[in-house]
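Containing compact mmCIF, C-alpha atoms: protein-v5.txt.
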# COMPACT_ATOMS: atom_id res chain seq x y z
CA MET B 1 0.00 0.00 0.00
CA ASN B 2 1.49 3.29 -1.11
CA GLU B 3 -0.91 5.76 0.49
CA GLU B 4 0.25 9.38 0.73
CA LYS B 5 -0.25 11.03 4.11
CA VAL B 6 -0.52 14.82 4.42
CA ILE B 7 0.10 16.73 7.64
CA THR B 8 -0.71 20.43 7.67
CA LEU B 9 1.28 22.49 10.16
CA LYS B 10 0.22 25.77 11.74
CA PRO B 11 2.90 28.25 10.67
CA ASP B 12 2.71 30.22 13.93
CA ARG B 13 5.99 32.10 14.37
CA LYS B 14 5.75 31.99 18.18
CA ILE B 15 5.63 28.17 18.25
CA PHE B 16 8.81 27.91 16.17
CA GLU B 17 10.54 30.81 17.98
CA ASP B 18 10.03 29.17 21.37
CA ILE B 19 11.98 26.13 20.20
CA TYR B 20 14.70 27.82 18.16
CA PHE B 21 15.54 30.36 20.84
CA SER B 22 15.08 28.20 23.95
CA GLY B 23 17.96 27.95 26.39
CA ASN B 24 19.61 31.25 25.39
CA GLN B 25 20.38 29.92 21.90
CA GLY B 26 19.79 33.36 20.43
CA SER B 27 22.10 35.15 22.85
CA LEU B 28 25.33 36.26 21.22
CA LEU B 29 27.49 36.00 24.35
CA PHE B 30 25.68 33.40 26.44
CA SER B 31 24.36 30.86 23.93
CA PRO B 32 25.52 27.26 24.43
CA THR B 33 28.08 27.86 21.66
CA THR B 34 29.61 31.03 23.10
CA LYS B 35 29.08 30.84 26.86
CA SER B 36 32.36 29.06 27.72
CA LYS B 37 34.33 31.33 25.41
CA THR B 38 32.74 34.42 26.98
CA ILE B 39 33.64 33.22 30.47
CA ALA B 40 37.21 32.35 29.41
CA THR B 41 37.64 35.79 27.79
CA ILE B 42 36.33 37.58 30.90
CA ALA B 43 38.60 35.49 33.15
CA ALA B 44 41.61 36.22 30.92
CA ALA B 45 40.77 39.95 30.96
CA VAL B 46 40.52 39.98 34.77
CA ILE B 47 43.87 38.16 35.12
CA VAL B 48 45.58 40.52 32.67
CA PHE B 49 44.12 43.51 34.53
CA ILE B 50 45.31 42.22 37.91
CA VAL B 51 48.81 41.45 36.59
CA PHE B 52 48.90 44.88 34.94
CA LEU B 53 48.07 46.52 38.28
CA LEU B 54 50.85 44.52 39.94
CA LYS B 55 53.41 45.03 37.15
CA ASP B 56 55.54 47.35 39.30
CA GLN B 57 56.06 44.53 41.78
CA LEU B 58 57.27 42.13 39.07
CA SER B 59 60.98 41.78 38.44
CA LYS B 60 62.34 42.90 35.09
CA GLU B 61 62.64 39.25 33.98
CA SER B 62 59.06 38.45 35.01
CA LYS B 63 57.41 41.21 32.97
CA GLY B 64 57.24 38.83 29.99
CA ILE B 65 54.37 37.14 31.76
CA LEU B 66 52.27 40.24 31.14
CA TYR B 67 52.88 39.88 27.38
CA PHE B 68 52.08 36.18 27.52
CA LEU B 69 48.84 36.75 29.43
CA SER B 70 47.91 39.54 27.01
CA PHE B 71 48.44 37.11 24.15
CA ILE B 72 46.19 34.53 25.87
CA PHE B 73 43.51 37.22 26.34
CA LEU B 74 43.76 38.19 22.67
CA LEU B 75 43.46 34.54 21.64
CA CYS B 76 40.35 34.11 23.81
CA ALA B 77 38.86 37.27 22.30
CA VAL B 78 39.45 36.00 18.75
CA PHE B 79 37.81 32.63 19.51
CA LEU B 80 34.88 34.43 21.12
CA SER B 81 34.55 36.70 18.09
CA VAL B 82 34.42 33.71 15.72
CA SER B 83 31.74 32.03 17.85
CA VAL B 84 29.67 35.21 18.12
CA ASN B 85 29.84 35.55 14.33
CA LYS B 86 28.66 31.95 13.93
CA VAL B 87 25.70 32.49 16.30
CA SER B 88 24.87 35.78 14.59
CA ARG B 89 24.72 34.12 11.15
CA TRP B 90 22.58 31.27 12.53
CA LYS B 91 20.24 33.77 14.18
CA LYS B 92 19.93 35.70 10.91
CA GLN B 93 19.04 32.50 9.00
CA VAL B 94 16.48 31.48 11.63
CA ASN B 95 14.88 34.94 11.58
CA HIS B 96 14.70 34.81 7.77
CA TYR B 97 12.99 31.41 8.00
CA LEU B 98 10.60 32.69 10.69
CA ASN B 99 9.72 35.67 8.48
CA VAL B 100 8.90 33.25 5.65
CA LEU B 101 6.73 31.23 8.04
CA GLU B 102 4.92 34.35 9.21
CA LYS B 103 3.78 35.11 5.65
CA CYS B 104 3.14 31.49 4.69
CA LYS B 105 -0.36 30.28 3.83
CA VAL B 106 0.43 26.58 3.27
CA TYR B 107 2.89 24.53 5.34
CA GLU B 108 2.48 20.84 4.86
CA ILE B 109 4.38 17.60 5.05
CA ARG B 110 3.58 14.83 2.55
CA PHE B 111 5.00 11.36 2.71
CA ASP B 112 4.47 7.88 1.34
CA GLN B 113 6.55 4.69 1.14
CA ASN B 114 9.28 6.32 -0.98
CA PHE B 115 9.29 10.08 -0.56
CA PHE B 116 9.11 12.83 2.07
CA THR B 117 8.09 16.30 0.87
CA VAL B 118 7.86 19.60 2.72
CA ASN B 119 5.76 22.26 1.01
CA ILE B 120 5.88 25.88 2.14
CA ASP B 121 3.66 28.00 -0.14
CA GLY B 122 4.47 25.93 -3.22
CA GLU B 123 8.20 25.73 -2.52
CA LYS B 124 8.67 21.98 -2.29
CA GLU B 125 11.66 20.05 -1.01
CA THR B 126 11.38 16.36 -1.78
CA SER B 127 13.69 13.69 -0.39
CA GLU B 128 13.81 9.95 -0.55
CA TRP B 129 13.75 8.29 2.85
CA LYS B 130 17.32 7.08 2.35
CA ASP B 131 18.46 10.74 2.12
CA PHE B 132 17.84 11.16 5.86
CA GLU B 133 20.59 10.21 8.26
CA TYR B 134 19.05 10.94 11.63
CA PHE B 135 15.91 11.97 13.41
CA ASP B 136 15.16 12.79 17.04
CA SER B 137 11.96 13.52 18.90
CA ASN B 138 11.03 14.79 22.33
CA ASN B 139 8.02 16.39 23.98
CA GLU B 140 8.53 19.66 22.11
CA PHE B 141 9.54 18.82 18.53
CA ILE B 142 10.84 16.36 15.96
CA SER B 143 14.13 17.14 14.25
CA LEU B 144 15.15 15.50 11.01
CA GLU B 145 18.58 15.68 9.40
CA GLY B 146 19.83 14.67 5.99
CA LYS B 147 19.76 16.18 2.51
CA TYR B 148 17.53 18.82 4.09
CA SER B 149 17.17 19.45 7.83
CA TYR B 150 13.85 20.15 9.50
CA MET B 151 12.33 20.86 12.88
CA PHE B 152 8.62 20.26 13.35
CA PRO B 153 7.10 21.56 16.61
CA ARG B 154 4.58 19.34 18.35
CA LYS B 155 2.30 22.36 18.91
CA ALA B 156 2.15 23.04 15.15
CA MET B 157 0.12 19.86 14.52
CA SER B 158 -2.43 17.65 16.23
CA GLU B 159 -1.34 14.92 18.66
CA LYS B 160 -2.49 12.26 16.22
CA GLU B 161 -0.47 13.78 13.38
CA TYR B 162 2.58 14.09 15.65
CA SER B 163 2.32 10.38 16.53
CA ILE B 164 1.86 9.36 12.89
CA LEU B 165 4.87 11.41 11.80
CA LYS B 166 7.02 10.07 14.62
CA SER B 167 6.14 6.43 13.87
CA LYS B 168 6.68 6.91 10.11
CA LEU B 169 10.12 8.40 10.78
CA LYS B 170 11.03 5.50 13.10
CA GLU B 171 9.92 3.08 10.44
CA ASN B 172 11.83 4.67 7.55
CA ILE B 173 15.00 6.12 9.05
CA LYS B 174 17.59 3.62 10.15
CA GLN B 175 19.58 5.00 13.07
Output the structure of this file as structure tokens.
Amino acid sequence: MNEEKVITLKPDRKIFEDIYFSGNQGSLLFSPTTKSKTIATIAAAVIVFIVFLLKDQLSKESKGILYFLSFIFLLCAVFLSVSVNKVSRWKKQVNHYLNVLEKCKVYEIRFDQNFFTVNIDGEKETSEWKDFEYFDSNNEFISLEGKYSYMFPRKAMSEKEYSILKSKLKENIKQ
């Protein structure tokens, strides 16, 4: 039996925003990606500041430590800058996607034995089941990764549709 199933999602920006930006993921300095680098940079800055205040008490030979600590601080700042840039680009992409969702009239998922298609206002992305490498589900959403990556919030569909989608993904994606 090769019956096509269609699930229509509610393209409510708030539902998607709550998931994308949960846990400080949208924060430039305290997202999961940048938090440790921010803390390391602040710690390095404090240490450099303290050593700078105490530089008169250092011997002439020991003043090289100030240069070394300054270099460590600079290195931390560069790594932080790269991470902030990465989060900023991700945030920009997510906001672009959310803007598309906000204007969208049709957001549906279609699948059968062979294909999985996501349709957002006529823009269709079709994949074969073998194109997907991984899927995960929890109480909030289902994420799907492969040729295309998706995140489908539980609140954007009915409980029955969520269960059907979850079971179809389990059936077709070998983990």
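From atom CA of Ser88 of chain B back to atom CA of Phe71 of chain B, the distance works out to 25.5 Å.
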Per residue of segment 57-113 of chain B within 12 Å of segment 145-162 of chain B, what are the shortest atom pair and its distance in Å to one decimal, counting all atoms listed in the file, with rows by chain and residue number, as CSV?
residue,atom,partner,partner_atom,distance
B:Val94,CA,B:Met151,CA,11.5
B:Tyr97,CA,B:Tyr150,CA,11.4
B:Leu101,CA,B:Ala156,CA,11.8
B:Tyr107,CA,B:Ala156,CA,10.0
B:Glu108,CA,B:Met157,CA,10.0
B:Ile109,CA,B:Phe152,CA,9.7
B:Arg110,CA,B:Glu161,CA,11.6
Using the selection just defined, write its residues with C-alpha atoms as a PDB file, in the coordinates of the input.
ATOM      1  CA  VAL B  94      16.480  31.480  11.630  1.00  0.00           C
ATOM      2  CA  TYR B  97      12.990  31.410   8.000  1.00  0.00           C
ATOM      3  CA  LEU B 101       6.730  31.230   8.040  1.00  0.00           C
ATOM      4  CA  TYR B 107       2.890  24.530   5.340  1.00  0.00           C
ATOM      5  CA  GLU B 108       2.480  20.840   4.860  1.00  0.00           C
ATOM      6  CA  ILE B 109       4.380  17.600   5.050  1.00  0.00           C
ATOM      7  CA  ARG B 110       3.580  14.830   2.550  1.00  0.00           C
TER       8      ARG B 110
END
Of B:Thr34, B:Thr126, B:Lys105, B:Ser59, the one sitting nearest Ser81 of chain B when using only C-alpha atoms is B:Thr34
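Proximity to Glu123 of chain B was assessed for B:Ala40, B:Leu9, B:Asp136, B:Cys104 counting only C-alpha atoms; the smallest distance is recorded for B:Cys104.
Counting from atom CA of Pro11 of chain B, the distance to atom CA of Glu171 of chain B is 26.1 Å.
From atom CA of Asn95 of chain B back to atom CA of Ile15 of chain B, the distance works out to 13.3 Å.
Once only C-alpha atoms are considered, the residues situated within 10 Å of the file point (46.1, 41.2, 26.2) turn out to be Ala44, Ala45, Ile47, Val48, Phe49, Phe52, Leu66, Tyr67, Phe68, Leu69, Ser70, Phe71, Ile72, Phe73, Leu74, Leu75, Cys76 and Ala77 of chain B.
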Export of the given selection (C-alpha atoms) as a short mmCIF file (atom, residue, chain, number, x, y, z; two decimals), in the coordinates of the input:
data_model
loop_
_atom_site.label_atom_id
_atom_site.label_comp_id
_atom_site.auth_asym_id
_atom_site.auth_seq_id
_atom_site.Cartn_x
_atom_site.Cartn_y
_atom_site.Cartn_z
CA ALA B 44 41.61 36.22 30.92
CA ALA B 45 40.77 39.95 30.96
CA ILE B 47 43.87 38.16 35.12
CA VAL B 48 45.58 40.52 32.67
CA PHE B 49 44.12 43.51 34.53
CA PHE B 52 48.90 44.88 34.94
CA LEU B 66 52.27 40.24 31.14
CA TYR B 67 52.88 39.88 27.38
CA PHE B 68 52.08 36.18 27.52
CA LEU B 69 48.84 36.75 29.43
CA SER B 70 47.91 39.54 27.01
CA PHE B 71 48.44 37.11 24.15
CA ILE B 72 46.19 34.53 25.87
CA PHE B 73 43.51 37.22 26.34
CA LEU B 74 43.76 38.19 22.67
CA LEU B 75 43.46 34.54 21.64
CA CYS B 76 40.35 34.11 23.81
CA ALA B 77 38.86 37.27 22.30
#
May I have the residues at most 12 Å from (18.4, 12.1, 13.8) in the file's coordinates, counting all atoms listed in the file, as a list in words? Asp131, Phe132, Glu133, Tyr134, Phe135, Asp136, Ser137, Asn138, Ile142, Ser143, Leu144, Glu145, Gly146, Tyr148, Ser149, Tyr150, Met151, Lys166, Leu169, Lys170, Asn172, Ile173, Lys174 and Gln175 of chain B
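Using all atoms listed in the file, the shortest contact distance between Asn99 of chain B and any of B:Glu61, B:Asp12, B:Asp18, B:Glu128 is found at B:Asp12.
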Edge lengths and centre in Å to one decimal, as AutoDock Vina command-line options, of the axis-aligned box that encloses all listed atoms of segment 24-43 of chain B with 8 Å added on every side?
--center_x 29.1 --center_y 32.4 --center_z 26.8 --size_x 35.0 --size_y 26.3 --size_z 28.7
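With only C-alpha atoms as the atoms that count, the residue of B:Ser127, B:Thr38, B:Thr117, B:Gln25 with the shortest distance to Trp90 of chain B is B:Gln25.
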